[in-house]
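K.L.:
First the structure, which I've put down as structure tokens, then a few questions once you've had a look.
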Number of protein chains: 2
Amino acid sequence: MIKGEIVEELKRIVGEEDVLTEKEDLASYAYDGTTNWYHEPDVVVFPTSAAEVSEILKLANRERIPVTPRGGGTSVSGGPVPIYGGIVLCTVKMNRILKIDKENLLAVAEPGVVLMDFNLALAKEGLFFPPDPQSFLGATLGGNVAENAGGPACVKYGVVKQYVLGLEAVLPTGEIVEFGGMTVKNVTGYDLPMLLTGSEGTLGVITKITLKVLPLPPATKTLMAVFDDVAVAGGTVYQVLSGGVIPSKIELLDNWVINSIERLQPMGLPKDAGALLLFEVDGIQEAVEKEAEEIERICREQGAREVRVAKDAEEANRYWTARRAGFAAVFSAAPTVLAEDVTVPRSKIPDFLRKMEEICKPRGIEYSVIGHAGDGNLHPSLLTDKKDPEKYAKAEEAMAEIIEAALELDGVLSGEHGIGLEKKKFLKKAMPPKAIELMKGIKRLLDPNNILNPGKIWEEDQ
Amino acid sequence: MIKGEIVEELKRIVGEEDVLTEKEDLASYAYDGTTNWYHEPDVVVFPTSAAEVSEILKLANRERIPVTPRGGGTSVSGGPVPIYGGIVLCTVKMNRILKIDKENLLAVAEPGVVLMDFNLALAKEGLFFPPDPQSFLGATLGGNVAENAGGPACVKYGVVKQYVLGLEAVLPTGEIVEFGGMTVKNVTGYDLPMLLTGSEGTLGVITKITLKVLPLPPATKTLMAVFDDVAVAGGTVYQVLSGGVIPSKIELLDNWVINSIERLQPMGLPKDAGALLLFEVDGIQEAVEKEAEEIERICREQGAREVRVAKDAEEANRYWTARRAGFAAVFSAAPTVLAEDVTVPRSKIPDFLRKMEEICKPRGIEYSVIGHAGDGNLHPSLLTDKKDPEKYAKAEEAMAEIIEAALELDGVLSGEHGIGLEKKKFLKKAMPPKAIELMKGIKRLLDPNNILNPGKIWEEDQ
């Protein structure tokens with residue numbers, strides 16, 4: 001519990017109206033996009049400038065108060081949950097787009113800009129920011145950078161880090177520093193922007209972001225391929241990619257997800273299908289036509305029982321709305337959802353899907369698979385209930401085995417959600433001890449008093 | 001001068017034939033791709049495994065002997081020059097391609113694989129590795145990663161770091177560590193592969209590299225646009241890009257370079273042109289045709305006096321051979337060449353070119369501009385002679401002003417060559433003190449005895 005005089009000092013820094021201390025307000029900042037963790041902060045502050053962030057961090061560093069940075073709070077790995085209380089530093093009032101520079105294909109924005117708003121503003125200039133985490137309606141750019149977010153479009157366009165040119169950040173000790181620049185090519189010393197990107201808010205509070213953006217592709221085309229067997233659908237993904245066509249998106253929905261969507265919001269999806277693959281190709285009209293044909297051919301060759309090519313934007317939209325509804329359907333299907341985020345090399349998707357079944361079926365665990373098959377980033381989710389200890393223990397046990405299976409298949413612990421609270425106990429399995437030691441050394445270097453987002457990524461005893 | 005017993009120990013580690021100590025052998029490892037620096041090592045070793053690299057570094061760390069990693073030695077910023085003598089650790093005997101995995105669009109290779117050999121092996125599988133520093137005939141993959149190399153194709157495909165999925169490296173203290181993984185999406189803790197990428201061989205010796213690769217585009221097309229005014233050519237670059245077409249390459253050659261190429265090897269380039277722009281587009285046939293038309297239209301609209309669309313691969317090859325000959329022409333034109341590598345936002349290219357002229361003309365300095373205009377990465381080179389102190393002082397003065405000009409135009413100190421020895425004295429102008437302090441802190445964390453490539457990136461007093 002922090003003292004009243006600290007709260008007063010915070011009010012002097014950001015203004016009275018930008019400090020929350022009432023119990024009912026604090027509750028809103030106690031969890032992330034899931035219901036898996038709940039820890040109330042002592043106070044929530046809404047700075048509006050890097051200078052204010054700096055003053056907050058200097059104060060917190062002096063008084064050894066934990067500070068948890070937070071954007072839209074859409075994380076699903078527990079990143080913005082203030083497990084040691086203290087200050088939640090919420091960036092949503094730093095939400096100005098400072099520059100959209102079409103000539104140089106870049107944009108500069110504050111961390112609190114919501115991804116959707118950013119893309120709407122870019123679209124007016126014929127531009128777009130490709131990474132597209134499905135939380136884009138609420139996720140902020142700061143969170144996107146801090147988590148090195150992904151999404152469906154990464155199969156062609158890569159993840160957030162591939163767009164970060166420069167960052168302004170406030171270090172845990174309060175210094176405001178500019179890292180990187182405004183050009184794609186930049187080899188001026190160590191890549192400090194990449195050190196902050198994906199560091200889950202543990203090394204600095206990002207206060208300004210310079211991002212590479214791209215011209216909007218003139219045409220897109222969406223295809224839905226229907227498979228009887230989810231593993232066959234998974235295998236089709238790398239057949240398409242190694243054939244030379246790089247779609248902008250390849251998404252997989254399993255039978256469970258298809259049926260959940262249809263229950264919530266009937267869209268005419270084939271309820272008896274083992275799995276669907278959704279493809280999007282983009283580029284000039286001639287290219288998308290040819291690529292769509294090629295994908296259709298490969299899907300049929302691999303055994304798709306049906307391939308629907310969206311005839312217009314309305315139909316395409318329907319499929320992508322279904323895809324987005326899928327994740328919501330998963331999270332609303334059980335009191336607790338363990339949303340896996342392992343990523344395996346694409347050719348290992350069928351093996352992984354079979355392994356999932358072997359792990360979950362005998363335990364009677366209900367699970368679903370939805371995800372960015374195009375880059376091997378699947379989100380198998382285990383439906384469980386934290387309040388039912390026996391059931392939850394089974395799910396946790398299964399989760400550990402799923403992670404083990406992914407790592408054995410040359411996969412990684414987290415593709416795009418981050419480690420946060422959810423996976424820190426598995427970190428030792430995924431990283432050699434020396435690499436963890438290096439991370440901790442870097443953390444100590446930047447944050448000697450461990451005030452910034454403490455308790456995330458690794459366990460205290462690691 | 002290191003002791004005989006150390007040399008004996010090195011021979012025990014790597015074998016007698018893989019240790020060089022003769023004066024005439026050492027001379028070959030005293031410089032890089034330029035003639036700007038010359039410092040002989042005491043000994044050169046050629047390890048063939050990570051285990052051998054580890055033993056070498058443990059020995060060097062114990063005895064406090066400087067170790068300078070070296071690949072093909074094609075650097076132009078002094079990176080592999082052993083300015084404090086000691087050991088040159090040359091990776092060219094670790095030159096196996098361990099895996100080409102078409103299904104997952106990745107390859108695993110040792111650091112001594114020459115970029116050209118890598119791409120030839122990939123091509124057999126219908127794949128390619130896009131970054132293409134023009135030293136590809138000799139540059140190794142290890143050097144490419146250590147310098148985060150670029151090249152012409154980065155305008156569309158990005159730089160080396162965008163392809164690094166995982167690294168095995170030996171830390172200066174001798175530990176062999178695996179960083180990253182095999183998937184594009186990976187947010188498992190801090191991005192340690194990105195910390196080593198571009199660290200210019202100061203944080204670890206890279207011993208294995210996992211790279212993302214892409215399917216070879218089915219078609220390419222090359223265009224040459226001829227301009228009277230180099231600044232107008234420069235301005236055309238961002239007109240093309242902001243129009244929505246992203247060519248795979250956009251190169252600029254100024255009048256000096258055109259004439260030097262024609263002197264060395266007549267290719268029918270227009271000798272009276274102010275500048276040439278060379279474009280390449282790639283993708284499916286229909287797309288490249290349309291994009292080439294669009295580029296031609298914009299070039300003419302911007303005032304190109306001629307646009308030649310290469311009618312076949314032979315003509316296209318001729319233009320690209322000319323481009324490659326350009327850099328050689330620059331380096332053979334004077335005893336000392338200060339090869340600038342500043343990068344400015346593309347829209348600032350015309351301003352920067354005018355500024356170059358203002359800086360060099362009044363001082364009577366001969367200079368040329370060649371470079372990757374598509375990403376604002378120009379290589380204006382100053383022709384001078386280190387042995388003529390007055391002339392050299394003028395060139396150094398001009399170089400300092402050019403760097404200042406680039407930074408004022410929101411540019412960066414180095415786009416793709418690295419800081420090395422060449423630009424370390426300018427680092428303070430390009431990076432805030434706190435960022436330099438952080439880099440030095442990270443260096444101390446990984447290399448407490450400062451044995452690995454000491455004397456690079458920053459000056460001792462920084």
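For the structure tokens, the naming scheme is as follows: chains receive sequential letters (A, B, ...) according to their order of presentation, residues are indexed from 1 within each chain, and ligands are indexed from 1 in presentation order.
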Within 10 Å of A:Lys249, counting only C-alpha atoms, which residues show up once you throw out same-chain ones fewer than 4 positions away? Write them as a compact mmCIF listing (two decimals) with N, CA, C and O atoms, in the first residue's frame, please.

P.N.:
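File written: around_27.txt
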```
# COMPACT_ATOMS: atom_id res chain seq x y z
N GLY A 151 -0.25 -11.46 -35.36
CA GLY A 151 -1.55 -11.45 -36.01
C GLY A 151 -1.52 -12.27 -37.28
O GLY A 151 -0.49 -12.84 -37.64
N PRO A 152 -2.68 -12.31 -37.97
CA PRO A 152 -2.77 -13.12 -39.19
C PRO A 152 -1.82 -12.66 -40.31
O PRO A 152 -1.26 -13.48 -41.01
N ALA A 153 -1.64 -11.35 -40.46
CA ALA A 153 -0.94 -10.85 -41.65
C ALA A 153 0.58 -11.05 -41.60
O ALA A 153 1.29 -10.67 -42.52
N CYS A 154 1.06 -11.65 -40.52
CA CYS A 154 2.51 -11.76 -40.35
C CYS A 154 3.13 -12.79 -41.26
O CYS A 154 4.34 -12.78 -41.47
N VAL A 155 2.32 -13.68 -41.81
CA VAL A 155 2.91 -14.69 -42.68
C VAL A 155 3.60 -14.02 -43.87
O VAL A 155 4.68 -14.41 -44.28
N LYS A 156 3.00 -12.97 -44.39
CA LYS A 156 3.65 -12.23 -45.47
C LYS A 156 4.45 -11.05 -44.95
O LYS A 156 5.52 -10.73 -45.45
N TYR A 157 3.93 -10.36 -43.94
CA TYR A 157 4.47 -9.04 -43.59
C TYR A 157 5.35 -9.01 -42.36
O TYR A 157 5.92 -7.97 -42.04
N THR A 222 -10.07 -13.26 -50.83
CA THR A 222 -10.18 -14.19 -49.70
C THR A 222 -10.71 -15.54 -50.18
O THR A 222 -11.60 -15.60 -51.02
N LEU A 277 -9.47 -23.54 -43.56
CA LEU A 277 -8.35 -22.61 -43.74
C LEU A 277 -8.89 -21.38 -44.42
O LEU A 277 -9.64 -21.48 -45.40
N LEU A 278 -8.55 -20.22 -43.88
CA LEU A 278 -8.91 -18.95 -44.52
C LEU A 278 -7.64 -18.34 -45.08
O LEU A 278 -6.65 -18.19 -44.36
N PHE A 279 -7.68 -18.01 -46.36
CA PHE A 279 -6.52 -17.37 -46.99
C PHE A 279 -6.90 -15.97 -47.44
O PHE A 279 -8.02 -15.73 -47.88
N GLU A 280 -5.93 -15.06 -47.36
CA GLU A 280 -6.09 -13.78 -48.06
C GLU A 280 -4.82 -13.55 -48.86
O GLU A 280 -3.72 -13.78 -48.36
N VAL A 281 -4.98 -13.13 -50.10
CA VAL A 281 -3.83 -12.70 -50.89
C VAL A 281 -4.02 -11.23 -51.19
O VAL A 281 -5.16 -10.74 -51.28
N ASP A 282 -2.91 -10.50 -51.31
CA ASP A 282 -3.04 -9.08 -51.65
C ASP A 282 -1.95 -8.67 -52.63
O ASP A 282 -0.95 -9.35 -52.79
N HIS A 372 -2.84 -18.64 -36.44
CA HIS A 372 -2.15 -18.13 -37.62
C HIS A 372 -1.29 -19.24 -38.18
O HIS A 372 -0.07 -19.26 -38.03
N ALA A 373 -1.97 -20.18 -38.84
CA ALA A 373 -1.27 -21.37 -39.31
C ALA A 373 -0.13 -21.00 -40.25
O ALA A 373 0.87 -21.68 -40.33
N GLY A 374 -0.30 -19.88 -40.95
CA GLY A 374 0.69 -19.47 -41.94
C GLY A 374 2.08 -19.28 -41.37
O GLY A 374 3.07 -19.44 -42.06
N ASP A 375 2.17 -18.92 -40.11
CA ASP A 375 3.50 -18.88 -39.52
C ASP A 375 3.65 -19.85 -38.36
O ASP A 375 4.48 -19.64 -37.47
```

K.L.:
With a distance cut-off of 12 Å and only C-alpha atoms, select the neighbouring residues of B:Glu286, excluding the residue or stretch itself and same-chain residues fewer than 3 positions from it, and output the selection as a VMD selection string.

P.N.:
(chain A and resid 283 to 291) or (chain B and resid 218 to 221 281 to 283 289 to 293)

K.L.:
Quick one, how far is atom CA of B:Met182 from atom CA of A:Phe426?

P.N.:
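Between atom CA of B:Met182 and atom CA of A:Phe426 the gap is 18.3 Å.
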
K.L.:
Could you check the closest approach to chain B for each of A:Glu9, A:Asp447, A:Glu200, A:Asp42 and tell me which residue wins, using only C-alpha atoms?

P.N.:
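That would be A:Glu200, the residue with the smallest distance to chain B.
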
K.L.:
Could the residues of stretch 50-131 of chain B that have an atom at most 8 Å from stretch 232-248 of chain A be listed as CSV, each with its closest atom pair and the distance in Å to one decimal, counting only C-alpha atoms and ordered by chain and ascending residue number?

P.N.:
```
residue,atom,partner,partner_atom,distance
B:Lys102,CA,A:Ser242,CA,5.9
B:Glu103,CA,A:Ser242,CA,5.4
B:Asn104,CA,A:Tyr238,CA,6.9
B:Leu105,CA,A:Ser242,CA,7.1
```

K.L.:
Save the residues we just selected, C-alpha atoms, as a CSV table (one decimal), in the first residue's frame?

P.N.:
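Listing of selection_25.csv after writing:
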```
chain,number,residue,atom,x,y,z
B,102,LYS,CA,11.9,-25.5,-48.2
B,103,GLU,CA,8.8,-26.5,-46.3
B,104,ASN,CA,9.5,-24.0,-43.5
B,105,LEU,CA,11.3,-21.4,-45.7
```

K.L.:
Excluding B:Val113 and residues on its chain fewer than 6 positions from it, collect all residues at most 10 Å away from it, counting only C-alpha atoms, and give them as number ranges by chain.

P.N.:
B: 71-72, 91-97, 138-143

K.L.:
So that I can check the secondary structure, give me every residue of stretch 132-231 of chain B assigned strand (DSSP E or B) by backbone DSSP, as an mmCIF file with N, CA, C and O atoms, in the first residue's frame.

P.N.:
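Generated output (part.cif):
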```
data_model
loop_
_atom_site.group_PDB
_atom_site.id
_atom_site.type_symbol
_atom_site.label_atom_id
_atom_site.label_comp_id
_atom_site.auth_asym_id
_atom_site.auth_seq_id
_atom_site.Cartn_x
_atom_site.Cartn_y
_atom_site.Cartn_z
ATOM 1 N N THR B 140 30.823 -13.177 -45.801
ATOM 2 C CA THR B 140 30.270 -14.382 -45.180
ATOM 3 C C THR B 140 28.968 -14.071 -44.441
ATOM 4 O O THR B 140 28.696 -12.926 -44.077
ATOM 5 N N VAL B 164 16.930 -12.986 -39.444
ATOM 6 C CA VAL B 164 17.599 -13.783 -38.413
ATOM 7 C C VAL B 164 16.550 -14.337 -37.448
ATOM 8 O O VAL B 164 15.893 -13.590 -36.735
ATOM 9 N N LEU B 165 16.397 -15.663 -37.454
ATOM 10 C CA LEU B 165 15.443 -16.305 -36.546
ATOM 11 C C LEU B 165 16.135 -16.807 -35.289
ATOM 12 O O LEU B 165 15.574 -16.757 -34.201
ATOM 13 N N GLY B 166 17.341 -17.313 -35.458
ATOM 14 C CA GLY B 166 18.058 -17.856 -34.308
ATOM 15 C C GLY B 166 19.553 -17.814 -34.536
ATOM 16 O O GLY B 166 20.014 -17.778 -35.682
ATOM 17 N N LEU B 167 20.294 -17.768 -33.462
ATOM 18 C CA LEU B 167 21.757 -17.739 -33.530
ATOM 19 C C LEU B 167 22.321 -18.654 -32.459
ATOM 20 O O LEU B 167 21.800 -18.700 -31.343
ATOM 21 N N GLU B 168 23.396 -19.342 -32.813
ATOM 22 C CA GLU B 168 24.244 -19.919 -31.781
ATOM 23 C C GLU B 168 25.474 -19.033 -31.748
ATOM 24 O O GLU B 168 26.015 -18.662 -32.791
ATOM 25 N N ALA B 169 25.890 -18.659 -30.555
ATOM 26 C CA ALA B 169 27.054 -17.781 -30.452
ATOM 27 C C ALA B 169 27.890 -18.194 -29.258
ATOM 28 O O ALA B 169 27.379 -18.785 -28.300
ATOM 29 N N VAL B 170 29.175 -17.886 -29.341
ATOM 30 C CA VAL B 170 30.048 -18.092 -28.196
ATOM 31 C C VAL B 170 30.293 -16.723 -27.574
ATOM 32 O O VAL B 170 30.719 -15.787 -28.257
ATOM 33 N N ILE B 176 28.862 -21.311 -24.869
ATOM 34 C CA ILE B 176 28.139 -21.468 -26.131
ATOM 35 C C ILE B 176 26.642 -21.352 -25.810
ATOM 36 O O ILE B 176 26.137 -22.092 -24.976
ATOM 37 N N VAL B 177 25.954 -20.397 -26.445
ATOM 38 C CA VAL B 177 24.539 -20.180 -26.126
ATOM 39 C C VAL B 177 23.702 -20.158 -27.403
ATOM 40 O O VAL B 177 24.136 -19.637 -28.424
ATOM 41 N N GLU B 178 22.510 -20.749 -27.312
ATOM 42 C CA GLU B 178 21.557 -20.673 -28.420
ATOM 43 C C GLU B 178 20.545 -19.567 -28.119
ATOM 44 O O GLU B 178 19.954 -19.554 -27.036
ATOM 45 N N PHE B 179 20.365 -18.676 -29.063
ATOM 46 C CA PHE B 179 19.382 -17.600 -28.913
ATOM 47 C C PHE B 179 18.315 -17.742 -29.989
ATOM 48 O O PHE B 179 18.628 -18.096 -31.121
ATOM 49 N N GLY B 180 17.070 -17.378 -29.660
ATOM 50 C CA GLY B 180 16.010 -17.388 -30.673
ATOM 51 C C GLY B 180 15.568 -18.794 -31.013
ATOM 52 O O GLY B 180 15.670 -19.701 -30.187
ATOM 53 N N VAL B 205 30.877 -14.404 -30.754
ATOM 54 C CA VAL B 205 31.256 -14.939 -32.059
ATOM 55 C C VAL B 205 30.123 -15.846 -32.510
ATOM 56 O O VAL B 205 29.803 -16.836 -31.845
ATOM 57 N N ILE B 206 29.498 -15.481 -33.610
ATOM 58 C CA ILE B 206 28.351 -16.227 -34.115
ATOM 59 C C ILE B 206 28.854 -17.535 -34.731
ATOM 60 O O ILE B 206 29.759 -17.525 -35.565
ATOM 61 N N THR B 207 28.293 -18.666 -34.304
ATOM 62 C CA THR B 207 28.784 -19.955 -34.799
ATOM 63 C C THR B 207 27.734 -20.750 -35.586
ATOM 64 O O THR B 207 28.065 -21.732 -36.231
ATOM 65 N N LYS B 208 26.493 -20.328 -35.516
ATOM 66 C CA LYS B 208 25.443 -20.990 -36.308
ATOM 67 C C LYS B 208 24.305 -19.996 -36.476
ATOM 68 O O LYS B 208 23.969 -19.289 -35.533
ATOM 69 N N ILE B 209 23.723 -19.993 -37.672
ATOM 70 C CA ILE B 209 22.719 -18.979 -37.994
ATOM 71 C C ILE B 209 21.496 -19.645 -38.602
ATOM 72 O O ILE B 209 21.623 -20.415 -39.551
ATOM 73 N N THR B 210 20.326 -19.346 -38.056
ATOM 74 C CA THR B 210 19.075 -19.811 -38.669
ATOM 75 C C THR B 210 18.415 -18.611 -39.338
ATOM 76 O O THR B 210 18.097 -17.625 -38.682
ATOM 77 N N LEU B 211 18.261 -18.700 -40.643
ATOM 78 C CA LEU B 211 17.750 -17.572 -41.425
ATOM 79 C C LEU B 211 16.443 -17.924 -42.110
ATOM 80 O O LEU B 211 16.290 -19.025 -42.646
ATOM 81 N N LYS B 212 15.536 -16.986 -42.096
ATOM 82 C CA LYS B 212 14.345 -17.070 -42.938
ATOM 83 C C LYS B 212 14.770 -16.866 -44.393
ATOM 84 O O LYS B 212 15.637 -16.034 -44.677
ATOM 85 N N LEU B 214 13.164 -16.969 -48.713
ATOM 86 C CA LEU B 214 11.901 -16.773 -49.454
ATOM 87 C C LEU B 214 11.917 -17.553 -50.772
ATOM 88 O O LEU B 214 12.990 -17.853 -51.294
ATOM 89 N N PRO B 215 10.738 -17.845 -51.302
ATOM 90 C CA PRO B 215 10.705 -18.453 -52.638
ATOM 91 C C PRO B 215 11.219 -17.441 -53.671
ATOM 92 O O PRO B 215 10.896 -16.243 -53.577
ATOM 93 N N ALA B 219 9.438 -13.871 -61.731
ATOM 94 C CA ALA B 219 9.868 -12.954 -62.800
ATOM 95 C C ALA B 219 10.496 -11.700 -62.203
ATOM 96 O O ALA B 219 10.174 -11.303 -61.075
ATOM 97 N N THR B 220 11.413 -11.107 -62.964
ATOM 98 C CA THR B 220 11.974 -9.803 -62.574
ATOM 99 C C THR B 220 12.042 -8.936 -63.824
ATOM 100 O O THR B 220 12.008 -9.443 -64.954
ATOM 101 N N LYS B 221 12.150 -7.661 -63.634
ATOM 102 C CA LYS B 221 12.299 -6.738 -64.752
ATOM 103 C C LYS B 221 13.158 -5.564 -64.293
ATOM 104 O O LYS B 221 13.009 -5.093 -63.164
ATOM 105 N N THR B 222 14.064 -5.131 -65.166
ATOM 106 C CA THR B 222 14.991 -4.050 -64.818
ATOM 107 C C THR B 222 14.741 -2.834 -65.709
ATOM 108 O O THR B 222 14.497 -2.983 -66.910
ATOM 109 N N LEU B 223 14.776 -1.664 -65.102
ATOM 110 C CA LEU B 223 14.647 -0.418 -65.872
ATOM 111 C C LEU B 223 15.804 0.503 -65.526
ATOM 112 O O LEU B 223 16.235 0.540 -64.366
ATOM 113 N N MET B 224 16.255 1.260 -66.512
ATOM 114 C CA MET B 224 17.245 2.301 -66.260
ATOM 115 C C MET B 224 16.649 3.636 -66.684
ATOM 116 O O MET B 224 16.219 3.787 -67.824
ATOM 117 N N ALA B 225 16.613 4.594 -65.759
ATOM 118 C CA ALA B 225 16.091 5.921 -66.086
ATOM 119 C C ALA B 225 17.244 6.921 -66.040
ATOM 120 O O ALA B 225 18.048 6.896 -65.115
ATOM 121 N N VAL B 226 17.315 7.760 -67.069
ATOM 122 C CA VAL B 226 18.431 8.690 -67.231
ATOM 123 C C VAL B 226 17.969 10.109 -66.892
ATOM 124 O O VAL B 226 16.972 10.586 -67.450
ATOM 125 N N PHE B 227 18.675 10.766 -65.988
ATOM 126 C CA PHE B 227 18.305 12.124 -65.567
ATOM 127 C C PHE B 227 19.453 13.093 -65.826
ATOM 128 O O PHE B 227 20.626 12.729 -65.746
#
```

K.L.:
Could you tell me how far atom CA of A:Asn255 sits from atom CA of A:Thr74, in Å to one decimal place?

P.N.:
25.8 Å

K.L.:
Run DSSP on the backbone and tell me which residues of stretch 117-257 of chain A come out as helix (DSSP H, G or I); list them as a ChimeraX atom specification.

P.N.:
/A:117-123,141-146,154-157,160-163,192-196,230-242,255-257

K.L.:
By how many Å are atom CA of B:Ile419 and atom CA of B:Gly198 apart?

P.N.:
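Calculated distance between atom CA of B:Ile419 and atom CA of B:Gly198 is 9.9 Å.
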
K.L.:
Name the residues in contact with A:Phe128 at a cut-off of 6 Å, using only C-alpha atoms, excluding same-chain residues fewer than 6 positions from it; report them as a PDB file with N, CA and C atoms, in the first residue's frame.

P.N.:
```
ATOM      1  N   ASN A 119      -4.653   2.626 -38.040  1.00  0.00           N
ATOM      2  CA  ASN A 119      -4.853   2.153 -39.403  1.00  0.00           C
ATOM      3  C   ASN A 119      -5.917   2.948 -40.156  1.00  0.00           C
ATOM      4  N   LEU A 122      -4.075   6.001 -41.290  1.00  0.00           N
ATOM      5  CA  LEU A 122      -3.156   5.655 -42.382  1.00  0.00           C
ATOM      6  C   LEU A 122      -3.922   5.430 -43.685  1.00  0.00           C
ATOM      7  N   VAL A 213       5.592   2.085 -42.466  1.00  0.00           N
ATOM      8  CA  VAL A 213       4.259   1.690 -42.941  1.00  0.00           C
ATOM      9  C   VAL A 213       4.359   1.382 -44.433  1.00  0.00           C
ATOM     10  N   LEU A 214       3.323   0.817 -44.998  1.00  0.00           N
ATOM     11  CA  LEU A 214       3.372   0.401 -46.407  1.00  0.00           C
ATOM     12  C   LEU A 214       2.177   0.962 -47.179  1.00  0.00           C
ATOM     13  N   LEU A 216      -1.150   0.739 -49.124  1.00  0.00           N
ATOM     14  CA  LEU A 216      -2.231  -0.256 -49.131  1.00  0.00           C
ATOM     15  C   LEU A 216      -2.198  -1.026 -50.453  1.00  0.00           C
TER      16      LEU A 216
END
```

K.L.:
Restricting the calculation to only C-alpha atoms: of B:Pro47, B:Pro130, B:Gly174, B:Pro335, which residue gets closest to chain A?

P.N.:
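Ranked by minimum distance to chain A, first place goes to B:Gly174.
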
K.L.:
Give me, as CSV, the closest atom pair and its distance (Å, one decimal) for every residue of stretch 385-412 of chain A within a cut-off of 12 Å of stretch 30-35 of chain A, counting only C-alpha atoms, rows sorted by chain and rising number.

P.N.:
```
residue,atom,partner,partner_atom,distance
A:Asp385,CA,A:Thr35,CA,10.4
A:Lys386,CA,A:Thr35,CA,9.6
A:Lys387,CA,A:Thr35,CA,11.8
```

K.L.:
For the residues in the current selection, export all heavy atoms as an mmCIF file, in the first residue's frame.

P.N.:
```cif
data_model
loop_
_atom_site.group_PDB
_atom_site.id
_atom_site.type_symbol
_atom_site.label_atom_id
_atom_site.label_comp_id
_atom_site.auth_asym_id
_atom_site.auth_seq_id
_atom_site.Cartn_x
_atom_site.Cartn_y
_atom_site.Cartn_z
ATOM 1 N N ASP A 385 -11.596 -24.259 -15.577
ATOM 2 C CA ASP A 385 -12.179 -23.383 -14.557
ATOM 3 C C ASP A 385 -11.231 -23.348 -13.364
ATOM 4 O O ASP A 385 -11.013 -24.358 -12.694
ATOM 5 C CB ASP A 385 -13.552 -23.948 -14.133
ATOM 6 C CG ASP A 385 -14.273 -23.002 -13.180
ATOM 7 O OD1 ASP A 385 -13.639 -22.009 -12.734
ATOM 8 O OD2 ASP A 385 -15.457 -23.241 -12.895
ATOM 9 N N LYS A 386 -10.689 -22.185 -13.129
ATOM 10 C CA LYS A 386 -9.711 -22.039 -12.053
ATOM 11 C C LYS A 386 -10.310 -22.394 -10.689
ATOM 12 O O LYS A 386 -9.607 -22.794 -9.775
ATOM 13 C CB LYS A 386 -9.214 -20.591 -12.036
ATOM 14 C CG LYS A 386 -7.747 -20.494 -11.673
ATOM 15 C CD LYS A 386 -7.176 -19.117 -11.907
ATOM 16 C CE LYS A 386 -5.721 -19.108 -11.425
ATOM 17 N NZ LYS A 386 -5.014 -17.899 -11.781
ATOM 18 N N LYS A 387 -11.640 -22.230 -10.594
ATOM 19 C CA LYS A 387 -12.289 -22.481 -9.295
ATOM 20 C C LYS A 387 -12.556 -23.974 -9.053
ATOM 21 O O LYS A 387 -12.970 -24.360 -7.974
ATOM 22 C CB LYS A 387 -13.597 -21.681 -9.211
ATOM 23 C CG LYS A 387 -13.310 -20.184 -9.129
ATOM 24 C CD LYS A 387 -14.534 -19.354 -8.854
ATOM 25 C CE LYS A 387 -14.194 -17.873 -8.901
ATOM 26 N NZ LYS A 387 -15.035 -17.157 -9.873
#
```

K.L.:
Can you work out which one of B:Ile349, B:Cys299, B:Ala405, B:Ala304 has the shortest atom-to-atom distance to chain A, counting only C-alpha atoms?

P.N.:
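Looking at the shortest contact to chain A, the residue is B:Ile349.
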
K.L.:
Can you list, as an NGL selection string, every protein, DNA or RNA residue that comes within 7 Å of B:Thr384 when you count only C-alpha atoms, leaving out same-chain residues fewer than 3 positions away?

P.N.:
:B and (334-337 or 391-392 or 395)

K.L.:
Which one of A:Pro362, A:Gly418, A:Gly181, A:Gly376 sits closest to A:Glu251 if you count only C-alpha atoms?

P.N.:
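So, comparing all the options, the nearest one is A:Gly376.
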
K.L.:
Measuring between only C-alpha atoms, which one of A:Pro41, A:Gly15, A:Gly268, A:Pro131 shows the shortest distance to A:Val145?

P.N.:
A:Pro131

K.L.:
Residues at most 7 Å from A:Thr173, counting only C-alpha atoms, excluding those fewer than 4 positions away in the same chain, as a list of chain:residue names?

P.N.:
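Near neighbours after the sequence-gap exclusion: A:Leu57, A:Lys58, A:Asn61, A:Asp447.
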
K.L.:
Quick one: of A:Ala393, A:Val14, A:Leu127, A:Ala51, who's nearest to chain B, counting only C-alpha atoms?

P.N.:
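Under the stated criterion, the closest residue is A:Leu127.
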